[in-house]
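Peer 1: My structure is stored as upload_35.txt, with compact mmCIF, C-alpha atoms.
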# COMPACT_ATOMS: atom_id res chain seq x y z
CA MET A 26 131.25 104.55 71.27
CA GLU A 27 134.02 103.44 68.92
CA LEU A 28 132.72 100.54 66.81
CA ASN A 29 136.05 99.54 65.22
CA LEU A 30 134.58 99.41 61.71
CA LYS A 31 137.30 101.49 60.07
CA ASP A 32 138.47 99.97 56.76
CA LYS A 33 136.15 96.99 57.13
CA ILE A 34 134.90 95.71 53.75
CA VAL A 35 131.12 96.05 53.73
CA LEU A 36 128.70 94.90 51.03
CA ILE A 37 125.20 96.41 51.19
CA THR A 38 122.36 95.34 48.89
CA GLY A 39 119.35 97.55 48.29
CA ALA A 40 121.66 100.51 48.74
CA SER A 41 119.56 102.85 46.61
CA GLY A 42 116.52 102.61 48.92
CA GLY A 43 115.80 104.90 51.85
CA ILE A 44 117.08 102.54 54.53
CA GLY A 45 119.89 101.29 52.27
CA THR A 46 121.35 104.75 51.65
CA ALA A 47 121.17 105.49 55.38
CA ILE A 48 123.06 102.28 56.13
CA CYS A 49 125.74 103.19 53.58
CA HIS A 50 126.05 106.62 55.20
CA GLU A 51 126.53 105.20 58.69
CA PHE A 52 129.23 102.75 57.61
CA LEU A 53 131.08 105.52 55.74
CA VAL A 54 130.98 107.69 58.84
CA GLU A 55 132.52 104.77 60.74
CA GLY A 56 135.34 104.67 58.18
CA SER A 57 134.30 101.46 56.40
CA ILE A 58 134.90 100.63 52.75
CA VAL A 59 131.39 100.34 51.33
CA TYR A 60 130.20 98.51 48.23
CA ALA A 61 126.74 99.96 47.63
CA CYS A 62 124.84 97.48 45.47
CA TYR A 63 121.94 98.70 43.37
CA ASN A 64 119.82 97.43 40.50
CA GLY A 65 118.24 100.67 39.35
CA ASN A 66 119.42 104.25 39.23
CA GLU A 67 123.00 104.87 40.31
CA ASN A 68 122.13 108.53 40.94
CA LYS A 69 120.44 107.51 44.20
CA ILE A 70 123.76 106.10 45.36
CA LYS A 71 125.48 109.36 44.51
CA THR A 72 123.17 111.24 46.88
CA ILE A 73 125.06 109.54 49.71
CA LEU A 74 128.13 111.56 48.74
CA GLU A 75 126.16 114.78 49.17
CA SER A 76 124.76 113.95 52.60
CA ASP A 77 125.84 115.70 55.79
CA GLY A 78 128.95 114.44 57.53
CA ILE A 79 130.55 112.80 54.48
CA ASN A 80 134.06 114.13 53.81
CA GLN A 81 136.39 113.41 50.90
CA GLU A 82 138.09 110.50 52.63
CA MET A 83 134.72 108.85 53.15
CA LYS A 84 133.68 109.55 49.56
CA ASN A 85 136.75 107.70 48.34
CA LYS A 86 135.57 104.61 50.24
CA LEU A 87 132.20 104.36 48.51
CA PHE A 88 132.01 101.99 45.53
CA PRO A 89 128.66 101.79 43.68
CA LEU A 90 128.17 98.25 42.35
CA LYS A 91 125.49 97.21 39.89
CA MET A 92 123.98 93.93 41.10
CA ASN A 93 120.73 92.07 40.49
CA VAL A 94 120.28 90.02 43.66
CA THR A 95 117.86 87.66 41.89
CA ASP A 96 120.45 86.69 39.27
CA GLN A 97 123.13 84.19 40.26
CA ASN A 98 125.61 85.40 37.63
CA SER A 99 125.21 89.04 38.64
CA VAL A 100 125.82 88.22 42.29
CA LYS A 101 128.79 86.02 41.44
CA GLU A 102 130.34 88.79 39.36
CA GLY A 103 129.83 91.32 42.15
CA PHE A 104 131.66 89.14 44.65
CA ARG A 105 134.43 88.51 42.12
CA ILE A 106 134.99 92.27 41.78
CA ILE A 107 135.16 92.80 45.54
CA LEU A 108 137.34 89.79 46.34
CA ASN A 109 139.77 90.53 43.51
CA LYS A 110 140.41 93.93 45.07
CA PHE A 111 140.20 93.26 48.81
CA VAL A 112 140.36 89.42 49.15
CA LYS A 113 137.85 89.42 52.02
CA ILE A 114 134.39 90.63 53.04
CA ASP A 115 133.93 91.62 56.67
CA VAL A 116 130.26 92.58 56.70
CA LEU A 117 127.25 91.69 54.55
CA VAL A 118 124.06 93.72 54.88
CA ASN A 119 121.04 92.31 53.05
CA CYS A 120 118.72 95.27 52.54
CA ALA A 121 117.21 94.60 49.11
CA GLY A 122 113.45 94.25 49.28
CA ILE A 123 110.12 94.94 47.60
CA SER A 124 106.56 95.05 48.88
CA ASN A 125 102.95 95.04 47.76
CA GLU A 126 99.77 96.54 49.16
CA ARG A 127 96.81 94.50 48.00
CA PRO A 128 94.62 91.65 49.29
CA PHE A 129 95.91 88.11 48.91
CA LEU A 130 93.35 87.10 46.27
CA LEU A 131 94.37 90.07 44.13
CA THR A 132 98.03 89.11 44.31
CA GLU A 133 99.09 87.27 41.16
CA GLU A 134 101.32 84.21 41.50
CA GLU A 135 104.09 85.99 39.59
CA GLU A 136 104.04 88.84 42.10
CA TRP A 137 104.17 86.40 45.01
CA GLU A 138 107.18 84.63 43.49
CA LYS A 139 108.98 87.92 42.80
CA ILE A 140 108.57 89.12 46.38
CA MET A 141 109.85 85.80 47.75
CA THR A 142 112.78 85.82 45.34
CA VAL A 143 113.89 89.37 46.09
CA ASN A 144 113.17 89.42 49.81
CA LEU A 145 114.11 85.90 50.91
CA SER A 146 115.86 83.78 48.29
CA SER A 147 118.35 86.55 47.49
CA ILE A 148 119.47 86.60 51.12
CA ALA A 149 120.35 82.92 50.99
CA ARG A 150 122.20 83.55 47.72
CA LEU A 151 124.22 86.48 49.10
CA CYS A 152 125.01 84.64 52.34
CA ARG A 153 126.24 81.61 50.42
CA HIS A 154 128.75 83.77 48.54
CA ALA A 155 129.81 85.87 51.54
CA LEU A 156 130.34 82.94 53.89
CA LYS A 157 133.12 81.41 51.79
CA PRO A 158 135.62 84.25 52.39
CA MET A 159 134.31 84.71 55.93
CA PHE A 160 135.04 81.05 56.67
CA ARG A 161 138.61 81.59 55.48
CA GLU A 162 139.03 84.57 57.81
CA LYS A 163 137.14 82.78 60.62
CA LYS A 164 135.18 85.94 61.31
CA GLY A 165 132.51 88.15 59.82
CA ALA A 166 129.07 89.63 60.42
CA ILE A 167 125.82 89.46 58.48
CA VAL A 168 122.84 91.74 59.12
CA ASN A 169 119.51 91.09 57.40
CA VAL A 170 116.92 93.84 57.11
CA SER A 171 113.61 92.19 57.95
CA SER A 172 110.43 93.84 59.24
CA VAL A 173 108.19 93.91 62.27
CA LEU A 174 105.61 92.38 59.91
CA GLY A 175 107.64 89.19 60.07
CA SER A 176 105.98 88.56 63.42
CA ARG A 177 103.04 90.97 63.39
CA PHE A 178 100.85 90.28 60.37
CA GLY A 179 98.52 92.82 58.82
CA ARG A 180 96.02 92.92 56.02
CA GLY A 181 97.08 93.71 52.49
CA ASN A 182 100.71 92.61 52.50
CA ILE A 183 100.71 88.86 53.09
CA PRO A 184 103.57 87.88 50.72
CA TYR A 185 105.77 90.63 52.15
CA ALA A 186 105.02 89.54 55.73
CA VAL A 187 105.64 85.87 54.91
CA SER A 188 108.98 86.70 53.26
CA LYS A 189 110.06 88.68 56.31
CA ALA A 190 109.02 85.88 58.67
CA GLY A 191 111.21 83.63 56.54
CA ILE A 192 114.14 86.02 56.98
CA ASN A 193 113.77 85.86 60.75
CA ARG A 194 113.77 82.07 60.83
CA PHE A 195 116.61 81.86 58.30
CA THR A 196 118.67 84.21 60.47
CA GLN A 197 118.11 82.13 63.58
CA ALA A 198 118.79 78.82 61.85
CA LEU A 199 121.95 79.94 60.08
CA ALA A 200 123.31 81.43 63.31
CA THR A 201 123.53 77.92 64.77
CA GLU A 202 125.54 76.68 61.77
CA ILE A 203 128.02 79.50 61.35
CA GLY A 204 128.53 80.45 65.00
CA PRO A 205 131.23 77.80 65.52
CA LYS A 206 133.10 79.39 62.59
CA GLY A 207 133.23 82.73 64.40
CA ILE A 208 130.61 84.40 62.22
CA ARG A 209 127.57 86.24 63.54
CA ILE A 210 124.23 86.83 61.82
CA ASN A 211 121.38 89.00 63.05
CA ALA A 212 118.32 90.77 61.69
CA VAL A 213 116.75 94.16 62.28
CA CYS A 214 112.97 94.46 62.16
CA PRO A 215 111.87 98.02 61.38
CA GLY A 216 108.33 99.22 61.91
CA ILE A 217 106.88 102.15 59.97
CA ILE A 218 109.89 104.07 58.66
CA GLU A 219 109.85 107.28 56.60
CA THR A 220 110.73 105.76 53.21
CA THR A 221 109.16 105.58 49.77
CA MET A 222 108.31 101.90 50.30
CA SER A 223 106.26 102.69 53.39
CA HIS A 224 104.14 105.37 51.69
CA ALA A 225 101.54 102.86 50.49
CA LEU A 226 101.29 101.32 53.94
CA LYS A 227 100.86 104.71 55.60
CA SER A 228 98.27 105.63 52.99
CA ARG A 229 96.26 102.50 53.80
CA LEU A 230 96.52 102.94 57.56
CA GLY A 231 95.62 106.64 57.42
CA ASP A 232 96.95 109.87 58.89
CA ASN A 233 96.39 108.68 62.44
CA VAL A 234 98.78 105.75 62.18
CA THR A 235 101.14 107.32 64.72
CA ASP A 236 98.38 107.09 67.32
CA ILE A 237 99.03 103.35 67.62
CA ILE A 238 102.79 103.84 68.04
CA PRO A 239 103.82 104.39 71.69
CA LEU A 240 106.51 106.88 70.64
CA GLN A 241 103.85 108.74 68.59
CA ARG A 242 105.93 109.07 65.42
CA ASN A 243 107.28 107.14 62.46
CA GLY A 244 110.86 105.97 62.46
CA LYS A 245 113.74 107.45 60.50
CA PRO A 246 116.03 105.48 58.16
CA GLU A 247 119.07 106.55 60.14
CA GLU A 248 117.61 104.98 63.28
CA VAL A 249 117.56 101.63 61.52
CA ALA A 250 121.03 102.24 60.08
CA LYS A 251 122.56 102.88 63.49
CA ALA A 252 121.19 99.55 64.72
CA VAL A 253 122.71 97.81 61.70
CA VAL A 254 126.21 99.18 62.28
CA PHE A 255 125.91 98.25 65.97
CA LEU A 256 125.13 94.63 65.10
CA ALA A 257 127.92 94.60 62.50
CA SER A 258 130.50 95.75 65.04
CA GLU A 259 132.62 93.00 66.55
CA LYS A 260 133.47 95.34 69.40
CA ALA A 261 129.90 96.34 70.28
CA ALA A 262 127.99 93.14 69.47
CA SER A 263 130.53 90.33 69.71
CA TYR A 264 128.20 88.09 71.76
CA ILE A 265 125.04 88.76 69.77
CA THR A 266 123.93 86.33 67.07
CA GLY A 267 120.63 84.86 65.89
CA THR A 268 118.81 87.92 67.20
CA THR A 269 115.97 89.87 65.59
CA LEU A 270 116.20 93.44 66.83
CA ILE A 271 112.87 95.27 66.69
CA ILE A 272 112.99 98.97 65.77
CA ASP A 273 109.35 100.03 65.68
CA GLY A 274 108.71 102.70 68.29
CA GLY A 275 106.87 100.12 70.36
CA ILE A 276 104.11 99.30 67.86
CA SER A 277 104.57 95.55 68.39
CA VAL A 278 104.27 95.75 72.18
Have the structure of the file written as structure tokens, please.
Peer 2:
Amino acid sequence: MELNLKDKIVLITGASGGIGTAICHEFLVEGSIVYACYNGNENKIKTILESDGINQEMKNKLFPLKMNVTDQNSVKEGFRIILNKFVKIDVLVNCAGISNERPFLLTEEEEWEKIMTVNLSSIARLCRHALKPMFREKKGAIVNVSSVLGSRFGRGNIPYAVSKAGINRFTQALATEIGPKGIRINAVCPGIIETTMSHALKSRLGDNVTDIIPLQRNGKPEEVAKAVVFLASEKAASYITGTTLIIDGGISV
């Protein structure tokens, strides 16, 4: 299905993570101009250029962008760079996130605050900046990467789960405000996906974790990425907003 994302200006945070790089890849395949935001090692962004299905034309549309989503000045500068070059932003994907795997009473207050800042507050910050040019264009799409833990709590990751629940409610609430402006916002809620971040969770749950998943396997980053580009597409998802799309192999059933 043609998603009509060619030459759309897309900003993706958390682009150096497993799901983030997969999302960048999918948008490049669709012909989008991708700003891949990272706050660590740029080399992880460069691996996107070496992945299957990426030709030279697509490579020329990838722009690595250093951005600390917890810092207002860093975010402001990132948007300045993009808008100076392209004037608009068509799609914002909030994928930056961190987790922890320890009991609540062993979670220091500083760690709690950091998780909330990176996972939840940064999304509000990025949306605030992206909505200004989207309002001018009277169109745009935002996709937030949440988690199935936003509605299905588990032991050992309370601050992460709370932050993701906040993302879900934020997505629904903001949809009612920006819908009349022609802008859509949705969230994807992955389950156990094969990424570095999920290793600690899988270690805690044990080797038999797939036994509790109806599809009997963990998810792949590209399966989340394909859902993101679907929700970003005005052609495919023009009447979808305020939705949290669960991608978990049925574990939350």
Peer 1: Grab the atom CA of A:Pro239 to atom CA of A:Ser124 distance for me, in Å with one decimal place.
Peer 2: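 Between these atoms lies a distance of 24.8 Å.
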Peer 1: Report as a PDB file with C-alpha atoms, keeping the file's coordinate frame all protein, DNA and RNA residues lying within 12 Å of A:Glu202, evaluated on only C-alpha atoms, omitting residues in the same chain fewer than 5 positions from it.
Peer 2:
ATOM      1  CA  LEU A 156     130.340  82.940  53.890  1.00  0.00           C
ATOM      2  CA  PHE A 160     135.040  81.050  56.670  1.00  0.00           C
ATOM      3  CA  PHE A 195     116.610  81.860  58.300  1.00  0.00           C
ATOM      4  CA  THR A 196     118.670  84.210  60.470  1.00  0.00           C
ATOM      5  CA  GLN A 197     118.110  82.130  63.580  1.00  0.00           C
ATOM      6  CA  GLY A 207     133.230  82.730  64.400  1.00  0.00           C
ATOM      7  CA  ILE A 208     130.610  84.400  62.220  1.00  0.00           C
ATOM      8  CA  ARG A 209     127.570  86.240  63.540  1.00  0.00           C
ATOM      9  CA  ILE A 210     124.230  86.830  61.820  1.00  0.00           C
ATOM     10  CA  THR A 266     123.930  86.330  67.070  1.00  0.00           C
ATOM     11  CA  GLY A 267     120.630  84.860  65.890  1.00  0.00           C
TER      12      GLY A 267
END
Peer 1: Which of these residues is nearest to A:Ser99, using only C-alpha atoms: A:Ile114, A:Val54, A:Leu151, A:Ile79?
Peer 2: A:Leu151
Peer 1: How many Å separate atom CA of A:Asn93 from atom CA of A:Tyr63?
Peer 2: 7.3 Å
Peer 1: Pull the neighbourhood of (139.7, 91.8, 52.4) for me: all residues within 10 Å in file coordinates, counting only C-alpha atoms, as a ChimeraX atom specification.
Peer 2: /A:32-35,107-115,158-159,162
Peer 1: For a test of reading the model, state the distance in Å between atom CA of A:Phe52 and atom CA of A:Asn29, rounded to one decimal.
Peer 2: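 Interatomic distance, atom CA of A:Phe52 to atom CA of A:Asn29: 10.7 Å.
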Peer 1: Identify which of the residues A:Ile140, A:Val100, A:Cys120, A:Leu240 lies closest to A:Gly45, counting all atoms listed in the file when measuring atom-to-atom distances.
Peer 2: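 Among the listed residues, A:Cys120 lies closest to A:Gly45.
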Peer 1: Place N, CA and C atoms on stretch 41-64 of chain A and deliver the coordinates as a CSV table (one decimal), keeping the file's coordinate frame.
Peer 2:
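Saved result, out05.csv, follows:
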chain,number,residue,atom,x,y,z
A,41,SER,N,120.2,101.7,47.2
A,41,SER,CA,119.6,102.8,46.6
A,41,SER,C,118.2,103.2,47.3
A,42,GLY,N,117.8,102.3,48.2
A,42,GLY,CA,116.5,102.6,48.9
A,42,GLY,C,116.8,103.5,50.1
A,43,GLY,N,115.7,104.0,50.7
A,43,GLY,CA,115.8,104.9,51.8
A,43,GLY,C,116.6,104.4,53.0
A,44,ILE,N,116.3,103.1,53.4
A,44,ILE,CA,117.1,102.5,54.5
A,44,ILE,C,118.5,102.2,54.1
A,45,GLY,N,118.6,101.7,52.8
A,45,GLY,CA,119.9,101.3,52.3
A,45,GLY,C,120.9,102.4,52.2
A,46,THR,N,120.4,103.6,51.7
A,46,THR,CA,121.4,104.8,51.6
A,46,THR,C,121.8,105.2,53.1
A,47,ALA,N,120.8,105.1,54.0
A,47,ALA,CA,121.2,105.5,55.4
A,47,ALA,C,122.2,104.5,56.0
A,48,ILE,N,122.1,103.3,55.6
A,48,ILE,CA,123.1,102.3,56.1
A,48,ILE,C,124.4,102.6,55.5
A,49,CYS,N,124.5,102.8,54.2
A,49,CYS,CA,125.7,103.2,53.6
A,49,CYS,C,126.4,104.4,54.3
A,50,HIS,N,125.6,105.4,54.5
A,50,HIS,CA,126.0,106.6,55.2
A,50,HIS,C,126.7,106.3,56.5
A,51,GLU,N,126.0,105.5,57.3
A,51,GLU,CA,126.5,105.2,58.7
A,51,GLU,C,127.9,104.4,58.6
A,52,PHE,N,128.0,103.5,57.7
A,52,PHE,CA,129.2,102.8,57.6
A,52,PHE,C,130.4,103.7,57.1
A,53,LEU,N,130.1,104.6,56.2
A,53,LEU,CA,131.1,105.5,55.7
A,53,LEU,C,131.5,106.4,56.9
A,54,VAL,N,130.6,106.9,57.7
A,54,VAL,CA,131.0,107.7,58.8
A,54,VAL,C,131.9,106.9,59.8
A,55,GLU,N,131.7,105.6,59.9
A,55,GLU,CA,132.5,104.8,60.7
A,55,GLU,C,133.9,104.4,60.1
A,56,GLY,N,134.1,104.9,58.8
A,56,GLY,CA,135.3,104.7,58.2
A,56,GLY,C,135.4,103.4,57.4
A,57,SER,N,134.3,102.7,57.1
A,57,SER,CA,134.3,101.5,56.4
A,57,SER,C,134.4,101.7,54.9
A,58,ILE,N,134.9,100.6,54.2
A,58,ILE,CA,134.9,100.6,52.8
A,58,ILE,C,133.6,100.0,52.3
A,59,VAL,N,132.8,100.8,51.6
A,59,VAL,CA,131.4,100.3,51.3
A,59,VAL,C,131.2,100.1,49.9
A,60,TYR,N,130.7,98.8,49.6
A,60,TYR,CA,130.2,98.5,48.2
A,60,TYR,C,128.7,98.6,48.3
A,61,ALA,N,128.2,99.7,47.6
A,61,ALA,CA,126.7,100.0,47.6
A,61,ALA,C,126.1,99.3,46.4
A,62,CYS,N,125.4,98.2,46.6
A,62,CYS,CA,124.8,97.5,45.5
A,62,CYS,C,123.4,98.0,45.1
A,63,TYR,N,123.2,98.2,43.8
A,63,TYR,CA,121.9,98.7,43.4
A,63,TYR,C,121.6,98.0,42.1
A,64,ASN,N,120.3,98.0,41.7
A,64,ASN,CA,119.8,97.4,40.5
A,64,ASN,C,118.9,98.4,39.7
